[in-house]
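Reviewing the structure listed below.
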Amino acid sequence: MRTTATLPVTPPFRRILVANRGEIALRIIRAAHELGMEAVAVYSDADTMAAHVRAADLAVRLGPAPPAESYLDAELVIAAAVGTGADAIHPGYGFLSERASFARAVEEAGLVFVGPPPAAIAALGDKLNARRVAHANGVPHVPGTLEAVAVDRPDQLAAVLAAAAAVGFPLLVKAAAGGGGRGMRRVAAADELPAALVAGSREAAAAFGDGAVYLEREIMPARHIEVQLLGDSTGQVVALGERDCSTQRRHQKLIEESPAPGLTEKERHLLHAMAVRLGAAAGLQNAATVEFLYDRDGSFWFLEVNTRLQVEHPVTELVAGIDIVAEQFRLAAGAPLSPSVLAAAGRAVRPTRHAIEVRISAEDPARAFAPTPGRITRWVIPAGPGIRVDTAVEAGDVVPADYDPLICKLIVHAADRPAALVRLRRALGEVEIGGIQTTLPFHMAMLAEPGFLDATGLSTSWVDAHWDGPASRAGAVRIASLAAGLAQLGHGESDGRGDGSEPRGPQDRQGPAHARRVGGDPSGDPAWRAAGRAVAIDRWPR
Amino acid sequence: MTGGRRRAAPPTIAGPTHDEGVPAGQDRPVDPRAIRVGVAASTRLEGDPAITISPPIDPATRLPQDGDSAAELPLVDGVPTPARLERFGEVRARLVEPAATGTDGRDVRTDLQLGPVRIDPGHGKQLREVVVAGWRIEVELEFERRAVLRERARRGAGVASLGGPVEVRAIIPGRVVAVLVAVGESVEAGQQVLVVEAMKMQNELRAPREGAVERIGVAVGDTIEVGDLLVVIH
C-alpha cells in the first residue's frame, strides 16, 4: 500500500512509536506514513480495536484501561519502542508528553524523543520555573508567586495567606505540573484558600504525580492568545503565528482560531517576539506553545508554556501551510528549520488565511459539560471545500470513560474570518452523531452569538458566565417531541420526495418510509428502477 | 405556529366522546388514540415539558364546520397544529412548520435524526432517540390514557418518601479516588462526600441534603458505572 520508492526525501526515521491514542495518535501515524516511516501504536485494553491500532504497522498492548497502567506507564512505553525496533517516540499531547523524566528515559534508552530536550521541558514545562524564566527575560508574567506553596505545612499558613493577600483575590491555585485546568482552583476569599490548596494539590498529584501548587492573580476579562514555536538544534527559534483560544470552560478549550482576531501587525510582532525570546532563553527545540492572557487594555501577560504538540495545532497548520508534526520529526532527526518554515514564520505577522477549530467532545453542554461516555450509533462528518476533520472514531465505537472526552476536531479554513464562520456553520449542519450527547449544540449556538461573530465578546470567562445549556436545548425538546409524536401517529408525514400524498396509518408507523411506492410501477419500485429492470427482463426472459 | 401553543400539557384534551372507559372523576374524556410524548429519564432535565398529540378529530363524532381547515390537522395539547414530518430514509427527517405570523412567511424546516423505536423494559413505554441541532433527546411515548392512570397511581402512593433516606447514585462512570465521610457521620447539604475521577477530571460529589450517612456503597479505587449506589443519607 505505502511505497517509499516515490518519496522525494529521505524519511527522518525508519520506524517511530506513537505513545498516545485517539485522534492525535492517528494524526501522527498519518504524518509518519507520509514521511515514509513505519509507525508503531500502543494501546490499552479499552482500545484493542481502535483506529490508531488499525492504522499502525505494528501495535503493542500496554495494559488495562486505566491510564496509569497503560498510556502513562513510561517503562512499558519505552519497552514497547525498544522491543519493536523503533528509533523515536512521539508523545502527542497529554499522557507522558510533558514529563521531562520520560523524555530523559527515552534518550537514555538510545531513542529520540520527538519534542523539546528534557532540560527545556523541565525549564518550561514546570510552570513555576517558566514564570521565573519569563521574569528573568523581561517577559511580563501574570502576577503571583514564583515559588511553590507549602501545602502540607500548617505552620506556614500565615505566610501563605500573606502571599495570597499580596497577589489579591480572586486568585487561582494552579499546579506547577498542570495542564488543561487540572489541579486548578479559583479562590474568591482567604477563607476558601486552605481547602482549595488541598484539593488542587491532590488533583495535581493524581494527574501528574506532582502536587506542587502556586498562586496567580485572576485576570478577567481576558483573552487567551498563544504562539506556536518551532526550534532547531542550532538554537534558532521561530514563531509560526498565534491562536486565540478564548472560548473555554473551566480552562478547557472549546474553540480555537488563527490568527487572533483584531490584533494589529505591531501587536503580533511584539507577541511573537516575546514568545521567541522566552523559547530561545530556555533552549527550546522542536515544537512548543507559549500562552498569554490579553487583557482589556491591550497588555499581554505570559501564562505558561506547553512543551509539546497542542490539540489545536491544525489551525496554525492551515494558516501557515506547514505540517507541524512532519516538521517535528525532521527537527527531531537533527534537521535545521526548513526554508518553508522560515518563510511561513516571515509571513506570520501578516496572515492571509483564517482557520477555526471546534472540539467535539463526549460532554453534555446542558449538564455543565459532564462526560457522556458510551457507544456512538451514528457518525456522519462534514466534507467539502475548506474542511478538515481530525478524528479516530466511527459509528459503533465506544467512547471509554477512562480518557479525555475529545472525539473529533472539526477545522475549517477560508480567506478571512467571516468566510470561515460561514463555512463552519455549513459544516456543523452536516454533522450527524447519535448514541451520545456531544458539544455540537454548544458550537452551533456560538455561531449565533453576536459577541463571538464580531469577536468583541471573546473572553476566557464568557462560557462560564453566559452559557445556558438548558435554555439552548429547550427548543430542541419541543421539536423532538413533536417529530416523534407525528412519526408515531403516521399523520402529516411524507417521505421527503415532495409528493406529500398517502399519509401513513398508525399500523405501519414503524415501516421504513423509503420502502413506500413512489410512482409508476405496481410492484412499488421507483420508475427508474422499474424501467431498468424491464430492459433486463427483455434481454433474459425467464 | 398559527394560533397559540400551550406550554403545559393538560392531562385531558377535548375530543371524541366514544370512550366508555372514562375514569370516574375525570371531567373530560381522553381520546383513546392520544399519545403522550415526554423526555425519557436518560436525557431528561428538570422542567422538560411533555406534550399530548392525537390524530385529527374523528369526523364520526364531530362534523367539520364549513371552512374549518383545522379538521385535518393533528392536535398538539388539543390545538390543531399544522406541523408535518418529512422522512428521508430510516434516520433523517425534517419537521416542517408554517412560519409564525410576522415573519417572512416561509415554512420553518428543522432537520433531525429519528432513531429506531425501542421498548423500555421497565415501563413498556416506547423510546426513541431524536437528535435536533446536536441535542440528543430520548423521547418516551405511551398512550395518554395509560399516562393518566400512571399519574393517578403515583399520587395514590402518597408522599411517604419525604424525609426518608436519599440514595446518591453515580451519574457518570469513573473511579472513586476519595471517600470523605464515614458511616454514621452527619453531613450538611452541599458537603463534599466523594471524589470521582472521570475522563481525567476529578468530580467532587456533594450531599444533596443534610442528614446522617447511613451507607457507603463504594471504596477508594472502585470503578463505578452509571446508576451505581454511592452513598445513602438518612
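In the C-alpha cells, each chain is lettered A, B, ... as it comes, each chain's residues begin at 1, and ligands are numbered from 1 in order of appearance.
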- Message: DSSP on the backbone, helix (DSSP H, G or I) only: what residues of region 69-237 of chain A does that give? Format it as an MDAnalysis selection string.
- Response: chainID A and resid 69 74:84 100:108 118:125 127:136 154:167 190:208
- Compile the contact shell of Ala455 (chain A) as a PyMOL selection string: residues with an atom at most 9 Å away, counting only C-alpha atoms, same-chain residues fewer than 5 positions apart removed. chain A and resi 261-262+450
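With only C-alpha atoms as the atoms that count, the residue of B:Val79, B:Val108, B:Leu114, B:Val193 with the shortest distance to chain A is B:Leu114.
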- Message: If we count only C-alpha atoms and set the cut-off at 6 Å, which residues sit around region 142-144 of chain B, ignoring sequence neighbours fewer than 6 positions away in its own chain? Please answer as an MDAnalysis selection string.
- Response: chainID B and resid 34:36 125
Could you save those same residues with N, CA and C atoms as an mmCIF file, in the first residue's frame?
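Here's the written file selection.cif:
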```cif
data_model
loop_
_atom_site.group_PDB
_atom_site.id
_atom_site.type_symbol
_atom_site.label_atom_id
_atom_site.label_comp_id
_atom_site.auth_asym_id
_atom_site.auth_seq_id
_atom_site.Cartn_x
_atom_site.Cartn_y
_atom_site.Cartn_z
ATOM 1 N N ALA B 34 -54.847 9.223 21.651
ATOM 2 C CA ALA B 34 -53.881 10.263 22.009
ATOM 3 C C ALA B 34 -52.619 9.658 22.604
ATOM 4 N N ILE B 35 -51.508 10.276 22.289
ATOM 5 C CA ILE B 35 -50.209 9.770 22.733
ATOM 6 C C ILE B 35 -49.505 10.854 23.549
ATOM 7 N N ARG B 36 -48.973 10.434 24.681
ATOM 8 C CA ARG B 36 -48.174 11.349 25.494
ATOM 9 C C ARG B 36 -46.713 11.204 25.076
ATOM 10 N N LYS B 125 -42.871 1.521 27.900
ATOM 11 C CA LYS B 125 -43.019 2.684 27.027
ATOM 12 C C LYS B 125 -42.133 2.507 25.796
#
```
- Query: Using only C-alpha atoms, which of B:Ala50, B:Ile233, B:Val179, B:Leu194 sits nearest chain A?
  - Reply: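 Ranking B:Ala50, B:Ile233, B:Val179, B:Leu194 by distance to chain A, first place goes to B:Ala50.
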- Message: One decimal, in Å: what's the spacing between CA of Ala163 (chain A) and CA of Leu215 (chain A)?
- Response: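 Atom-to-atom, CA of Ala163 (chain A) and CA of Leu215 (chain A) are spaced 8.3 Å apart.
For chain B, the residues having at least one atom no farther than 7 Å from chain A, when counting only C-alpha atoms, are Val37, Gly38, Ile53, Pro55, Arg84, Leu85, Glu86, Arg87, Phe88, Gly89, Glu90, Leu95, Val130, Val132, Ala133, Gly134, Trp135, Arg136, Ile137, Val139, Ile172, Pro173, Gly174, Ala198, Met199, Lys200, Met201 and Gln202 of chain B.
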- Return the single residue from A:Ala165, A:Pro339, A:Asn20, A:Phe302 that is closest to Val238 (chain A), with distances computed using only C-alpha atoms.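 Of the candidates, the smallest distance to Val238 (chain A) is held by A:Pro339.
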- Query: Between B:Ala99, B:Glu185, B:Arg94, B:Gly211, which one has atoms that come closest to Leu112 (chain B), using only C-alpha atoms?
  - Reply: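 Closest to Leu112 (chain B), using only C-alpha atoms: B:Arg94.
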- Item | Within 8 Å of Ala288 (chain A) using only C-alpha atoms, minus same-chain residues under 4 positions, as a PyMOL selection string | chain A and resi 116+228-230+284+305-310
- Message: Measuring between only C-alpha atoms, which one of A:Tyr93, A:Cys408, A:Val114, A:Leu458 shows the shortest distance to Ala326 (chain A)?
- Response: A:Val114
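Put simply, CA of Val82 (chain A) is 13.8 Å away from CA of Arg61 (chain A).
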- Message: With distances taken over only C-alpha atoms, which residue among A:Ala465, A:Ala344, A:Met37, A:Ala103 lies nearest Val9 (chain A)?
- Response: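 The closest residue to Val9 (chain A) is A:Met37.
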- Task: Between CA of Trp462 (chain A) and CA of Lys266 (chain A), measure the distance and give it in Å to one decimal.
- Result: 26.7 Å
- In region 26-195 of chain B, what's strand (DSSP E or B) per DSSP? Answer as an NGL selection string? :B and (35-39 or 51-54 or 75-76 or 79-80 or 84-88 or 92-97 or 108-119 or 126-132 or 135-143 or 166-169 or 174-179 or 186-187 or 192-195)
